[in-house]
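Colleague: mmCIF, C-alpha atoms, saved as target.cif, coming up:
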data_model
loop_
_atom_site.label_atom_id
_atom_site.label_comp_id
_atom_site.auth_asym_id
_atom_site.auth_seq_id
_atom_site.Cartn_x
_atom_site.Cartn_y
_atom_site.Cartn_z
CA MET A 16 -6.22 -18.12 -16.42
CA SER A 17 -8.53 -17.05 -19.21
CA THR A 18 -12.20 -16.51 -18.44
CA PRO A 19 -14.43 -19.00 -20.26
CA LEU A 20 -16.98 -17.59 -22.68
CA PHE A 21 -20.57 -17.82 -21.51
CA SER A 22 -23.90 -16.07 -21.89
CA LEU A 23 -25.39 -14.37 -18.87
CA GLU A 24 -28.43 -16.63 -18.97
CA GLU A 25 -26.20 -19.72 -19.04
CA ARG A 26 -24.30 -18.46 -16.02
CA LEU A 27 -27.55 -17.70 -14.16
CA GLN A 28 -28.84 -21.18 -14.92
CA GLN A 29 -25.63 -22.64 -13.50
CA LEU A 30 -25.93 -20.53 -10.36
CA ARG A 31 -29.57 -21.45 -9.82
CA ALA A 32 -28.65 -25.12 -10.20
CA GLN A 33 -26.06 -24.59 -7.45
CA GLY A 34 -28.72 -23.19 -5.17
CA VAL A 35 -27.58 -19.56 -5.45
CA HIS A 36 -30.25 -17.06 -4.45
CA SER A 37 -28.21 -13.91 -3.78
CA VAL A 38 -25.34 -11.92 -5.28
CA LEU A 39 -22.64 -10.43 -3.09
CA ALA A 40 -21.93 -7.18 -4.94
CA GLN A 41 -18.35 -6.71 -3.71
CA PHE A 42 -16.16 -3.64 -4.16
CA THR A 43 -12.84 -2.59 -2.61
CA ASP A 44 -12.53 0.63 -0.62
CA ILE A 45 -9.51 2.91 -0.78
CA LEU A 46 -7.89 1.07 2.15
CA GLY A 47 -8.04 -2.20 0.21
CA GLN A 48 -10.82 -3.79 2.25
CA ALA A 49 -13.61 -5.81 0.65
CA ARG A 50 -17.07 -4.24 1.07
CA GLY A 51 -20.46 -5.01 -0.38
CA LYS A 52 -24.09 -6.01 0.04
CA LEU A 53 -26.36 -8.92 -0.79
CA VAL A 54 -28.84 -8.52 -3.65
CA PRO A 55 -31.34 -11.15 -4.89
CA LEU A 56 -30.11 -13.04 -7.94
CA ALA A 57 -33.21 -11.92 -9.84
CA HIS A 58 -31.78 -8.36 -9.92
CA VAL A 59 -28.56 -9.25 -11.73
CA GLN A 60 -29.36 -7.22 -14.85
CA GLN A 61 -30.00 -4.14 -12.73
CA LEU A 62 -26.66 -4.72 -10.99
CA ILE A 63 -24.98 -4.80 -14.40
CA ASP A 64 -26.75 -1.76 -15.85
CA GLU A 65 -27.10 0.51 -12.83
CA GLY A 66 -25.24 -1.12 -9.96
CA ALA A 67 -25.87 -1.70 -6.29
CA GLY A 68 -26.33 1.58 -4.44
CA PHE A 69 -24.27 2.58 -1.42
CA SER A 70 -24.03 5.82 0.55
CA GLY A 71 -20.89 7.38 -0.88
CA PRO A 72 -19.68 9.22 2.26
CA SER A 73 -20.03 5.96 4.25
CA ILE A 74 -17.20 4.41 2.23
CA TRP A 75 -13.55 5.22 2.85
CA GLY A 76 -12.03 7.37 0.14
CA THR A 77 -14.84 7.97 -2.38
CA GLY A 78 -14.59 11.74 -1.98
CA LEU A 79 -18.35 11.90 -2.57
CA PRO A 80 -20.54 14.54 -0.87
CA ARG A 81 -23.29 13.88 1.65
CA MET A 82 -26.03 15.15 -0.66
CA GLY A 83 -26.83 15.62 -4.33
CA PRO A 84 -26.82 13.38 -7.42
CA ARG A 85 -23.20 12.28 -6.85
CA SER A 86 -23.61 11.33 -3.20
CA GLU A 87 -24.51 7.76 -4.13
CA TYR A 88 -21.83 5.17 -4.93
CA PHE A 89 -23.04 2.60 -7.44
CA GLY A 90 -21.13 -0.64 -7.70
CA ARG A 91 -21.76 -2.08 -11.17
CA ILE A 92 -20.94 -5.76 -11.25
CA GLU A 93 -18.71 -7.38 -13.83
CA ALA A 94 -20.95 -10.19 -15.13
CA HIS A 95 -18.02 -12.49 -15.96
CA SER A 96 -16.99 -12.47 -12.28
CA LEU A 97 -20.21 -14.07 -11.02
CA GLN A 98 -19.07 -17.12 -9.07
CA ALA A 99 -20.73 -19.22 -6.37
CA LEU A 100 -18.91 -19.06 -3.04
CA PRO A 101 -18.37 -22.58 -1.65
CA TRP A 102 -17.91 -21.16 1.85
CA TRP A 103 -21.17 -19.15 1.74
CA PRO A 104 -23.99 -21.40 0.55
CA GLY A 105 -26.56 -19.69 -1.65
CA VAL A 106 -24.34 -16.71 -2.45
CA ALA A 107 -22.38 -15.80 -5.59
CA ARG A 108 -19.76 -13.07 -5.55
CA ALA A 109 -19.47 -10.47 -8.30
CA VAL A 110 -16.77 -7.80 -8.57
CA CYS A 111 -17.95 -4.18 -8.69
CA SER A 112 -16.51 -1.10 -10.35
CA GLY A 113 -17.47 2.25 -8.85
CA TYR A 114 -19.75 4.80 -10.54
CA ALA A 115 -21.34 8.06 -9.40
CA GLY A 116 -23.77 10.26 -11.32
CA GLY A 117 -23.73 7.72 -14.15
CA GLN A 118 -19.98 8.12 -14.71
CA ALA A 119 -16.98 6.00 -13.79
CA LEU A 120 -15.78 7.12 -10.36
CA ASP A 121 -12.20 8.36 -10.60
CA THR A 122 -11.60 7.70 -6.90
CA CYS A 123 -12.49 4.00 -7.27
CA SER A 124 -9.22 2.06 -7.13
CA ARG A 125 -10.49 -0.58 -9.58
CA GLN A 126 -11.36 2.14 -12.05
CA VAL A 127 -7.88 3.63 -11.56
CA LEU A 128 -6.20 0.34 -12.48
CA ALA A 129 -8.59 -0.19 -15.39
CA SER A 130 -7.73 3.28 -16.71
CA VAL A 131 -3.97 2.63 -16.52
CA LEU A 132 -4.49 -0.68 -18.33
CA ARG A 133 -6.56 0.96 -21.09
CA ALA A 134 -3.68 3.33 -21.73
CA LEU A 135 -1.34 0.34 -21.83
CA LYS A 136 -3.63 -1.45 -24.27
CA ALA A 137 -3.42 1.59 -26.55
CA ARG A 138 0.31 0.80 -26.88
CA GLY A 139 -0.62 -2.73 -27.93
CA TRP A 140 0.67 -4.15 -24.65
CA THR A 141 -0.85 -6.39 -21.98
CA ALA A 142 0.23 -6.49 -18.34
CA TRP A 143 0.51 -9.77 -16.46
CA VAL A 144 1.18 -10.36 -12.80
CA GLY A 145 1.68 -13.22 -10.41
CA ILE A 146 0.81 -12.23 -6.84
CA GLU A 147 2.36 -14.03 -3.85
CA PRO A 148 0.24 -13.70 -0.69
CA GLU A 149 1.93 -14.19 2.66
CA PHE A 150 -0.12 -14.12 5.85
CA PHE A 151 -0.30 -15.23 9.48
CA VAL A 152 -2.80 -17.52 11.17
CA PHE A 153 -3.32 -16.62 14.82
CA ASP A 154 -5.16 -17.97 17.82
CA LYS A 155 -8.59 -16.39 18.19
CA ASP A 156 -7.93 -15.57 21.84
CA ARG A 157 -6.01 -12.29 21.84
CA ALA A 158 -5.99 -11.75 25.58
CA ASP A 159 -2.22 -12.31 25.69
CA GLY A 160 -1.51 -10.70 22.32
CA LEU A 161 -1.12 -12.29 18.91
CA LYS A 162 -0.03 -15.93 19.07
CA PRO A 163 0.33 -18.53 16.30
CA ALA A 164 -2.77 -20.70 16.13
CA ASP A 165 -0.63 -23.80 16.57
CA PRO A 166 1.02 -23.54 20.02
CA SER A 167 3.66 -26.06 18.91
CA ASP A 168 4.75 -23.83 16.03
CA VAL A 169 7.84 -22.59 17.85
CA GLN A 170 10.89 -23.53 15.76
CA ALA A 171 13.52 -20.81 15.52
CA LYS A 172 13.65 -21.24 11.73
CA PRO A 173 10.26 -22.67 10.80
CA SER A 174 10.36 -22.41 7.00
CA TYR A 175 8.78 -25.46 5.32
CA ASP A 176 7.97 -27.05 8.69
CA LEU A 177 6.15 -30.29 7.80
CA ALA A 178 5.13 -31.09 11.36
CA VAL A 179 3.03 -27.92 11.52
CA MET A 180 1.52 -28.69 8.12
CA GLN A 181 0.46 -32.12 9.32
CA ARG A 182 -1.10 -30.71 12.48
CA GLN A 183 -2.92 -28.08 10.40
CA ALA A 184 -3.98 -30.58 7.72
CA ALA A 185 -7.73 -30.04 8.22
CA TRP A 186 -7.46 -26.27 7.74
CA LEU A 187 -5.07 -26.63 4.81
CA GLU A 188 -7.38 -29.12 3.10
CA SER A 189 -10.35 -26.77 3.54
CA LEU A 190 -8.34 -23.89 2.11
CA ARG A 191 -7.12 -25.97 -0.82
CA SER A 192 -10.54 -27.38 -1.68
CA GLN A 193 -12.31 -24.01 -1.43
CA LEU A 194 -9.72 -22.27 -3.62
CA GLN A 195 -9.82 -25.01 -6.23
CA ALA A 196 -13.62 -24.87 -6.24
CA LEU A 197 -13.17 -21.20 -7.17
CA ASP A 198 -10.88 -22.16 -10.10
CA PHE A 199 -7.60 -21.07 -8.54
CA GLN A 200 -4.64 -22.70 -10.26
CA LEU A 201 -2.81 -23.61 -7.08
CA LEU A 202 0.95 -24.01 -7.37
CA GLN A 203 2.05 -24.51 -3.78
CA ILE A 204 1.26 -23.90 -0.12
CA ASP A 205 4.05 -23.71 2.42
CA HIS A 206 4.90 -22.66 5.94
CA GLU A 207 6.88 -19.43 5.73
CA ASP A 208 9.80 -18.02 7.71
CA ALA A 209 7.92 -17.00 10.85
CA ASN A 210 5.90 -18.98 13.38
CA GLY A 211 2.27 -18.97 12.25
CA GLN A 212 3.14 -17.62 8.79
CA TRP A 213 2.04 -19.16 5.47
CA GLU A 214 2.28 -18.50 1.75
CA VAL A 215 -0.04 -19.62 -1.04
CA ASN A 216 1.08 -19.42 -4.68
CA TYR A 217 -1.31 -19.68 -7.62
CA GLY A 218 -1.20 -18.96 -11.35
CA PHE A 219 -0.54 -15.53 -12.84
CA ASP A 220 -3.13 -13.64 -14.88
CA GLU A 221 -3.84 -10.41 -16.72
CA MET A 222 -3.41 -7.62 -14.22
CA LEU A 223 -7.02 -6.59 -13.58
CA ALA A 224 -8.21 -10.19 -13.35
CA ALA A 225 -5.32 -10.96 -11.01
CA ALA A 226 -6.30 -8.09 -8.72
CA ASP A 227 -9.91 -9.32 -8.63
CA ARG A 228 -8.70 -12.84 -7.89
CA TYR A 229 -6.45 -11.67 -5.05
CA MET A 230 -9.45 -10.04 -3.36
CA LEU A 231 -11.31 -13.34 -3.74
CA PHE A 232 -8.32 -15.17 -2.25
CA LYS A 233 -8.32 -12.93 0.81
CA MET A 234 -12.07 -13.28 1.33
CA THR A 235 -11.83 -17.06 1.01
CA ALA A 236 -8.79 -17.44 3.26
CA GLN A 237 -10.39 -15.23 5.92
CA ALA A 238 -13.66 -17.20 5.80
CA VAL A 239 -12.03 -20.65 5.89
CA THR A 240 -9.65 -19.67 8.69
CA GLU A 241 -12.53 -18.27 10.72
CA GLN A 242 -14.52 -21.49 10.20
CA HIS A 243 -11.61 -23.37 11.76
CA GLY A 244 -11.63 -21.15 14.84
CA MET A 245 -8.53 -19.16 13.89
CA VAL A 246 -7.73 -15.64 12.68
CA PHE A 247 -6.28 -14.76 9.26
CA SER A 248 -3.97 -11.73 9.36
CA GLY A 249 -2.35 -9.78 6.56
CA MET A 250 -0.68 -7.40 9.02
CA PRO A 251 2.75 -6.66 7.53
CA LYS A 252 4.72 -7.08 10.78
CA PRO A 253 2.57 -8.56 13.56
CA LEU A 254 5.45 -10.07 15.58
CA ALA A 255 8.41 -7.87 16.50
CA HIS A 256 10.91 -10.75 16.64
CA ALA A 257 9.88 -12.43 13.36
CA PRO A 258 9.86 -11.67 9.64
CA GLY A 259 6.85 -9.85 8.26
CA SER A 260 4.51 -10.65 5.37
CA GLY A 261 5.07 -9.37 1.86
CA LEU A 262 2.88 -9.35 -1.23
CA HIS A 263 5.39 -9.66 -4.07
CA PHE A 264 4.40 -8.87 -7.66
CA HIS A 265 5.94 -10.86 -10.54
CA LEU A 266 5.47 -8.49 -13.48
CA SER A 267 5.68 -8.99 -17.23
CA LEU A 268 4.38 -7.29 -20.37
CA THR A 269 3.54 -8.74 -23.77
CA ASP A 270 2.98 -6.98 -27.09
CA ALA A 271 0.13 -7.53 -29.56
CA GLN A 272 1.89 -10.62 -30.92
CA GLY A 273 2.32 -12.10 -27.45
CA ARG A 274 6.06 -11.42 -27.32
CA ALA A 275 7.68 -10.50 -24.02
CA VAL A 276 8.43 -6.78 -23.77
CA LEU A 277 10.59 -6.79 -20.65
CA ALA A 278 12.55 -10.00 -21.31
CA ASP A 279 15.59 -10.59 -23.50
CA ALA A 280 17.80 -13.60 -22.87
CA SER A 281 20.80 -11.68 -24.23
CA GLY A 282 20.09 -8.56 -22.15
CA ARG A 283 21.55 -7.65 -18.79
CA HIS A 284 20.20 -10.18 -16.28
CA GLY A 285 17.69 -11.42 -18.85
CA LEU A 286 15.94 -8.09 -19.31
CA SER A 287 15.47 -6.14 -22.53
CA LEU A 288 16.37 -2.47 -22.78
CA GLN A 289 12.74 -1.65 -22.03
CA GLY A 290 12.82 -4.10 -19.14
CA GLN A 291 15.81 -2.30 -17.66
CA GLN A 292 14.06 1.04 -18.17
CA PHE A 293 11.02 -0.38 -16.39
CA VAL A 294 13.24 -1.31 -13.45
CA ALA A 295 14.75 2.19 -13.49
CA GLY A 296 11.26 3.67 -13.27
CA LEU A 297 10.43 1.53 -10.26
CA LEU A 298 13.61 2.54 -8.46
CA HIS A 299 13.25 6.22 -9.36
CA HIS A 300 9.68 6.40 -8.02
CA ALA A 301 10.21 3.95 -5.14
CA PRO A 302 9.91 6.55 -2.32
CA ALA A 303 6.46 7.59 -3.56
CA LEU A 304 5.47 4.01 -4.39
CA ALA A 305 6.09 3.11 -0.76
CA ALA A 306 3.04 5.18 0.23
CA VAL A 307 0.83 2.96 -1.96
CA CYS A 308 2.59 -0.41 -1.77
CA ALA A 309 3.51 -0.21 1.94
CA PRO A 310 0.65 2.01 3.09
CA SER A 311 0.35 1.34 6.82
CA VAL A 312 2.25 2.55 9.85
CA ASN A 313 3.11 -1.08 10.52
CA SER A 314 4.54 -1.56 6.99
CA TYR A 315 7.75 0.21 7.98
CA LYS A 316 8.40 -2.23 10.81
CA ARG A 317 8.58 -4.91 8.10
CA LEU A 318 10.89 -2.78 5.94
CA ALA A 319 13.32 -2.13 8.80
CA ALA A 320 15.36 -5.16 7.60
CA SER A 321 16.91 -6.15 10.90
CA GLN A 322 17.88 -9.57 12.19
CA SER A 323 15.00 -11.71 13.40
CA GLN A 324 14.50 -15.02 15.18
CA SER A 325 14.85 -16.86 11.88
CA GLY A 326 18.01 -15.00 10.89
CA THR A 327 16.67 -12.54 8.33
CA THR A 328 13.55 -10.60 7.31
CA TRP A 329 13.45 -11.04 3.52
CA SER A 330 12.22 -7.45 3.22
CA PRO A 331 14.00 -4.78 1.18
CA ASN A 332 15.13 -1.41 2.48
CA LEU A 333 17.65 -0.34 -0.16
CA MET A 334 16.52 0.88 -3.58
CA ALA A 335 18.53 -1.55 -5.68
CA TRP A 336 18.02 -4.38 -8.16
CA GLY A 337 19.85 -7.60 -8.79
CA ASP A 338 19.72 -10.96 -10.52
CA ASN A 339 17.73 -13.40 -8.38
CA ASN A 340 18.63 -11.22 -5.40
CA ARG A 341 15.96 -11.44 -2.69
CA THR A 342 17.72 -8.78 -0.61
CA ALA A 343 17.05 -6.14 -3.30
CA LEU A 344 13.91 -4.10 -3.87
CA VAL A 345 13.68 -5.35 -7.48
CA ARG A 346 14.64 -8.91 -8.37
CA SER A 347 15.12 -9.95 -11.98
CA VAL A 348 14.26 -13.60 -12.47
CA ALA A 349 13.50 -15.67 -15.58
CA GLY A 350 13.01 -12.57 -17.74
CA ARG A 351 10.43 -10.98 -15.45
CA VAL A 352 10.55 -8.35 -12.73
CA GLU A 353 9.73 -9.16 -9.11
CA TRP A 354 8.67 -6.07 -7.15
CA ARG A 355 9.28 -6.84 -3.48
CA LEU A 356 8.00 -3.64 -1.84
CA PRO A 357 4.24 -4.38 -1.49
CA ASP A 358 2.69 -5.90 1.61
CA PRO A 359 -0.82 -7.22 2.34
CA SER A 360 -2.05 -3.93 3.83
CA ALA A 361 -1.99 -2.42 0.33
CA ASN A 362 -5.03 -1.76 -1.84
CA ILE A 363 -4.18 -4.28 -4.57
CA TYR A 364 -5.67 -2.21 -7.39
CA ALA A 365 -3.91 0.99 -6.34
CA ALA A 366 -0.60 -0.78 -5.72
CA LEU A 367 -0.65 -2.41 -9.15
CA ALA A 368 -1.70 0.82 -10.86
CA ALA A 369 1.11 2.74 -9.16
CA THR A 370 3.71 0.05 -9.86
CA LEU A 371 2.80 -0.28 -13.53
CA SER A 372 2.66 3.51 -13.94
CA ALA A 373 6.15 3.91 -12.44
CA GLY A 374 7.61 1.25 -14.71
CA LEU A 375 6.04 2.84 -17.79
CA LEU A 376 7.37 6.25 -16.76
CA GLY A 377 10.79 4.63 -16.75
CA ILE A 378 10.28 3.35 -20.30
CA ASP A 379 8.84 6.62 -21.58
CA GLY A 380 11.67 8.59 -19.99
CA ALA A 381 14.30 6.12 -21.30
CA MET A 382 15.65 5.90 -17.76
CA THR A 383 18.82 3.96 -17.06
CA PRO A 384 18.90 1.81 -13.95
CA PRO A 385 21.90 1.87 -11.63
CA ALA A 386 24.34 -1.00 -11.77
CA PRO A 387 22.74 -4.20 -10.44
CA MET A 388 23.69 -5.27 -6.96
CA ASP A 389 24.49 -8.97 -7.08
CA VAL A 390 25.59 -9.17 -3.45
CA ASP A 391 23.83 -9.70 -0.12
CA LEU A 392 22.63 -6.18 0.64
CA TYR A 393 21.83 -7.07 4.24
CA ASP A 394 25.56 -7.55 4.87
CA MET A 395 26.71 -4.44 2.98
CA PRO A 396 28.36 -1.86 5.28
CA VAL A 397 26.93 1.66 5.25
CA ALA A 398 30.15 3.06 3.76
CA GLN A 399 29.79 0.67 0.82
CA GLN A 400 26.13 1.58 0.42
CA GLN A 401 27.19 5.22 0.15
CA GLN A 402 29.91 4.31 -2.32
CA HIS A 403 27.30 2.74 -4.58
CA GLN A 404 24.94 5.69 -3.95
CA LEU A 405 22.22 3.35 -2.72
CA ARG A 406 19.20 5.14 -1.31
CA ARG A 407 17.10 3.79 1.51
CA LEU A 408 13.35 3.51 1.38
CA PRO A 409 11.34 5.93 3.52
CA ALA A 410 11.73 5.19 7.21
CA ASP A 411 8.04 5.63 8.00
CA LEU A 412 4.67 6.33 6.46
CA GLY A 413 5.09 10.07 6.97
CA GLN A 414 8.21 10.17 4.78
CA ALA A 415 6.52 7.99 2.17
CA LEU A 416 3.48 10.28 2.02
CA GLN A 417 5.75 13.30 1.64
CA ALA A 418 7.46 11.60 -1.32
CA PHE A 419 4.08 10.66 -2.80
CA GLY A 420 2.89 14.26 -2.53
CA GLN A 421 5.98 15.49 -4.36
CA ASP A 422 5.96 12.88 -7.16
CA HIS A 423 3.72 14.75 -9.60
CA ALA A 424 4.48 12.45 -12.53
CA LEU A 425 3.35 9.35 -10.65
CA ARG A 426 0.27 11.06 -9.23
CA GLN A 427 -0.75 12.22 -12.69
CA ALA A 428 -0.18 8.78 -14.19
CA MET A 429 -2.39 7.20 -11.51
CA GLY A 430 -5.01 9.94 -11.73
CA SER A 431 -4.92 13.22 -9.82
CA ALA A 432 -8.39 12.79 -8.26
CA PHE A 433 -7.57 9.41 -6.77
CA SER A 434 -4.09 10.53 -5.69
CA GLU A 435 -5.49 13.57 -3.87
CA VAL A 436 -8.10 11.58 -1.95
CA TYR A 437 -5.71 8.73 -1.24
CA GLY A 438 -3.07 11.09 0.10
CA ALA A 439 -5.60 12.81 2.36
CA VAL A 440 -6.93 9.52 3.79
CA LYS A 441 -3.46 8.19 4.52
CA GLN A 442 -2.29 11.52 5.93
CA GLN A 443 -5.16 11.34 8.41
CA GLU A 444 -4.01 7.84 9.35
CA TRP A 445 -0.46 9.07 9.89
CA GLN A 446 -1.65 11.96 12.07
CA GLU A 447 -3.77 9.60 14.16
CA TRP A 448 -0.73 7.38 14.70
CA GLN A 449 1.38 10.34 15.76
CA ALA A 450 -1.25 11.28 18.33
CA ALA A 451 -1.65 7.74 19.66
CA VAL A 452 -0.06 6.62 22.92
CA THR A 453 1.21 3.05 22.55
CA ASP A 454 1.63 0.26 25.09
CA TRP A 455 5.40 0.51 24.59
CA GLU A 456 5.34 4.16 25.70
CA THR A 457 3.28 3.49 28.80
CA ARG A 458 5.51 0.55 29.78
CA ARG A 459 8.71 2.54 29.24
CA TYR A 460 7.74 5.94 30.65
CA GLY A 461 4.53 5.55 32.64
CA ALA A 462 6.01 4.64 36.02
CA TRP A 463 9.09 6.84 36.32
CA CYS A 464 8.87 10.00 34.22
#
Will you turn the file into structure tokens for me?

Modeller:
Amino acid sequence: MSTPLFSLEERLQQLRAQGVHSVLAQFTDILGQARGKLVPLAHVQQLIDEGAGFSGPSIWGTGLPRMGPRSEYFGRIEAHSLQALPWWPGVARAVCSGYAGGQALDTCSRQVLASVLRALKARGWTAWVGIEPEFFVFDKDRADGLKPADPSDVQAKPSYDLAVMQRQAAWLESLRSQLQALDFQLLQIDHEDANGQWEVNYGFDEMLAAADRYMLFKMTAQAVTEQHGMVFSGMPKPLAHAPGSGLHFHLSLTDAQGRAVLADASGRHGLSLQGQQFVAGLLHHAPALAAVCAPSVNSYKRLAASQSQSGTTWSPNLMAWGDNNRTALVRSVAGRVEWRLPDPSANIYAALAATLSAGLLGIDGAMTPPAPMDVDLYDMPVAQQQQHQLRRLPADLGQALQAFGQDHALRQAMGSAFSEVYGAVKQQEWQEWQAAVTDWETRRYGAWC
């Protein structure tokens, strides 16, 4: 999805003709949440040159002080991203990159990904990614816990349920029309493997543009779902008995001539030597990558890979790769690499930066991947897993953060400043979880201990 060429004045004329009066200067905090403020359209040039100002310490993960010249976070908009929001009349969204003291902010996740991609461009390579969002749509009334918005969505194996799609036709049509109005190249929408769960597929793009577009997808899906009286949820594992939601990355690289770097039809499972090294890098750094790609306490409920109501979870827990093998952490398919670890709680920019960095470390280190596992890993006995020396992913966020803290090569490749702040923010989250008393504990122990 290439961005059409335009002059700023032409774009502003288009926006005025659409009735746009304000710009939503939108950035992404370290937790992956969209943030921003409204600024009159007349101030666009200032937003480009200086940025919209925000109190740095008020934003998760900037690492900025409470006073001094670097206490202010400035979100400089990317002019090419100016786009009228069909679900917010009069408002155009523009993506921001973080600055402080007149310099690019090294704790801004978008700047981190941009930096990794500049280093890749110096090799003459371009990174491409197709992102596959999965999510739940719940009833707005949470008095009795999370429930699918459609009370008749109760099939034991609800994948591709057409009856639910027909009942939800009004919401689906709103979602489709709003996304297409925002130039998404929609490929398919389907009911996923859990009650209340959906997946939307759209065209791949250059990595930074794809990350920006994913944030726009989330904002749009949340707004449209809210307008229909329902709740959009990217929680990785909201229902204990059902599969969770992933955010799979389909990764490929091209050289300066547009040739595929990772693919080779004559290579093992369609991958070139560098493609196999890329896979080796992902598997080698997988424990640390879990802290960035599966960054919530709840993420590890999804990765527990146990039986569910629908018969399986479709989530990986063994660090293995295989040809078109959805039970493996890395799936080789059609000459590209599908990375199945990420979930929707991830900061998309950080997760992509970490994933790409790990793959490149595999290429630079000429790493050799283990033998591919072309079997159903969910059915593999533990003794056989040990025979193949298959490692398991971290069991919880605490183990993942420990691995992230010890993976100096990955932290350096992502940027030490960002890695330090990110680790501290997530460590605080883990400590808060450890101190929390859950409903399960009170139900189990409250009356008889």

Colleague: Using the chain letters and numbers from the file, which residues does the PyMOL selection byres ((chain A and resi 215) around 12) grab, as a count of residues only?

Modeller: 34

Colleague: Rank A:Gly34, A:Pro384, A:Gly116, A:Gly337 by their smallest atom-to-atom distance to A:Pro101, using all atoms listed in the file, and report the top residue only.

Modeller: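 That would be A:Gly34, the residue with the smallest distance to A:Pro101.
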
Colleague: Just the number, please: distance in Å from atom CA of A:Arg85 to atom CA of A:Asp227, one decimal.

Modeller: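 The value is 25.4 Å.
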
Colleague: If we count all atoms listed in the file and set the cut-off at 10 Å, which residues sit around A:Ala319, ignoring sequence neighbours fewer than 3 positions away in its own chain? Please answer as a PyMOL selection string.

Modeller: chain A and resi 314-316+322+328+330-332+408-411

Colleague: Output C-alpha atoms of each residue in that selection to a file, as a CSV table (one decimal), in the coordinates of the input.

Modeller:
chain,number,residue,atom,x,y,z
A,314,SER,CA,4.5,-1.6,7.0
A,315,TYR,CA,7.8,0.2,8.0
A,316,LYS,CA,8.4,-2.2,10.8
A,322,GLN,CA,17.9,-9.6,12.2
A,328,THR,CA,13.6,-10.6,7.3
A,330,SER,CA,12.2,-7.4,3.2
A,331,PRO,CA,14.0,-4.8,1.2
A,332,ASN,CA,15.1,-1.4,2.5
A,408,LEU,CA,13.4,3.5,1.4
A,409,PRO,CA,11.3,5.9,3.5
A,410,ALA,CA,11.7,5.2,7.2
A,411,ASP,CA,8.0,5.6,8.0

Colleague: Taking the file as shown, find all residues satisfying the PyMOL selection byres ((chain A and resi 36) around 10) and write them as an mmCIF file with C-alpha atoms, keeping the file's coordinate frame.

Modeller:
data_model
loop_
_atom_site.group_PDB
_atom_site.id
_atom_site.type_symbol
_atom_site.label_atom_id
_atom_site.label_comp_id
_atom_site.auth_asym_id
_atom_site.auth_seq_id
_atom_site.Cartn_x
_atom_site.Cartn_y
_atom_site.Cartn_z
ATOM 1 C CA LEU A 30 -25.930 -20.530 -10.360
ATOM 2 C CA ARG A 31 -29.570 -21.450 -9.820
ATOM 3 C CA GLN A 33 -26.060 -24.590 -7.450
ATOM 4 C CA GLY A 34 -28.720 -23.190 -5.170
ATOM 5 C CA VAL A 35 -27.580 -19.560 -5.450
ATOM 6 C CA SER A 37 -28.210 -13.910 -3.780
ATOM 7 C CA VAL A 38 -25.340 -11.920 -5.280
ATOM 8 C CA LEU A 53 -26.360 -8.920 -0.790
ATOM 9 C CA VAL A 54 -28.840 -8.520 -3.650
ATOM 10 C CA PRO A 55 -31.340 -11.150 -4.890
ATOM 11 C CA LEU A 56 -30.110 -13.040 -7.940
ATOM 12 C CA ALA A 57 -33.210 -11.920 -9.840
ATOM 13 C CA ALA A 99 -20.730 -19.220 -6.370
ATOM 14 C CA PRO A 104 -23.990 -21.400 0.550
ATOM 15 C CA GLY A 105 -26.560 -19.690 -1.650
ATOM 16 C CA VAL A 106 -24.340 -16.710 -2.450
ATOM 17 C CA ALA A 107 -22.380 -15.800 -5.590
#

Colleague: May I have the residues within 12 Å of A:Ile45 as a PyMOL selection string, using all atoms listed in the file and disregarding those fewer than 5 positions away in the same chain?

Modeller: chain A and resi 50+74-78+113+121-127+307+310+360-366+433-441

Colleague: What do you get, as an NGL selection string, if you spell out every residue that the PyMOL selection byres ((chain A and resi 418) around 12) selects here?

Modeller: :A and (299-307 or 408-417 or 419-426 or 438)

Colleague: Can I get the selection written as a short mmCIF file (atom, residue, chain, number, x, y, z; two decimals), in the coordinates of the input, with C-alpha atoms?

Modeller:
data_model
loop_
_atom_site.label_atom_id
_atom_site.label_comp_id
_atom_site.auth_asym_id
_atom_site.auth_seq_id
_atom_site.Cartn_x
_atom_site.Cartn_y
_atom_site.Cartn_z
CA HIS A 299 13.25 6.22 -9.36
CA HIS A 300 9.68 6.40 -8.02
CA ALA A 301 10.21 3.95 -5.14
CA PRO A 302 9.91 6.55 -2.32
CA ALA A 303 6.46 7.59 -3.56
CA LEU A 304 5.47 4.01 -4.39
CA ALA A 305 6.09 3.11 -0.76
CA ALA A 306 3.04 5.18 0.23
CA VAL A 307 0.83 2.96 -1.96
CA LEU A 408 13.35 3.51 1.38
CA PRO A 409 11.34 5.93 3.52
CA ALA A 410 11.73 5.19 7.21
CA ASP A 411 8.04 5.63 8.00
CA LEU A 412 4.67 6.33 6.46
CA GLY A 413 5.09 10.07 6.97
CA GLN A 414 8.21 10.17 4.78
CA ALA A 415 6.52 7.99 2.17
CA LEU A 416 3.48 10.28 2.02
CA GLN A 417 5.75 13.30 1.64
CA PHE A 419 4.08 10.66 -2.80
CA GLY A 420 2.89 14.26 -2.53
CA GLN A 421 5.98 15.49 -4.36
CA ASP A 422 5.96 12.88 -7.16
CA HIS A 423 3.72 14.75 -9.60
CA ALA A 424 4.48 12.45 -12.53
CA LEU A 425 3.35 9.35 -10.65
CA ARG A 426 0.27 11.06 -9.23
CA GLY A 438 -3.07 11.09 0.10
#

Colleague: For stretch 64-73 of chain A, work out the shell of residues within 7 Å, counting all atoms listed in the file and skipping chain neighbours fewer than 2 positions away, then give it as a list in words.

Modeller: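 Returned residues: Ala40, Gln60, Gln61, Leu62, Trp75, Thr77, Leu79, Pro80, Arg81, Ser86, Glu87, Tyr88, Phe89, Gly90, Arg91 and Ile92 of chain A.
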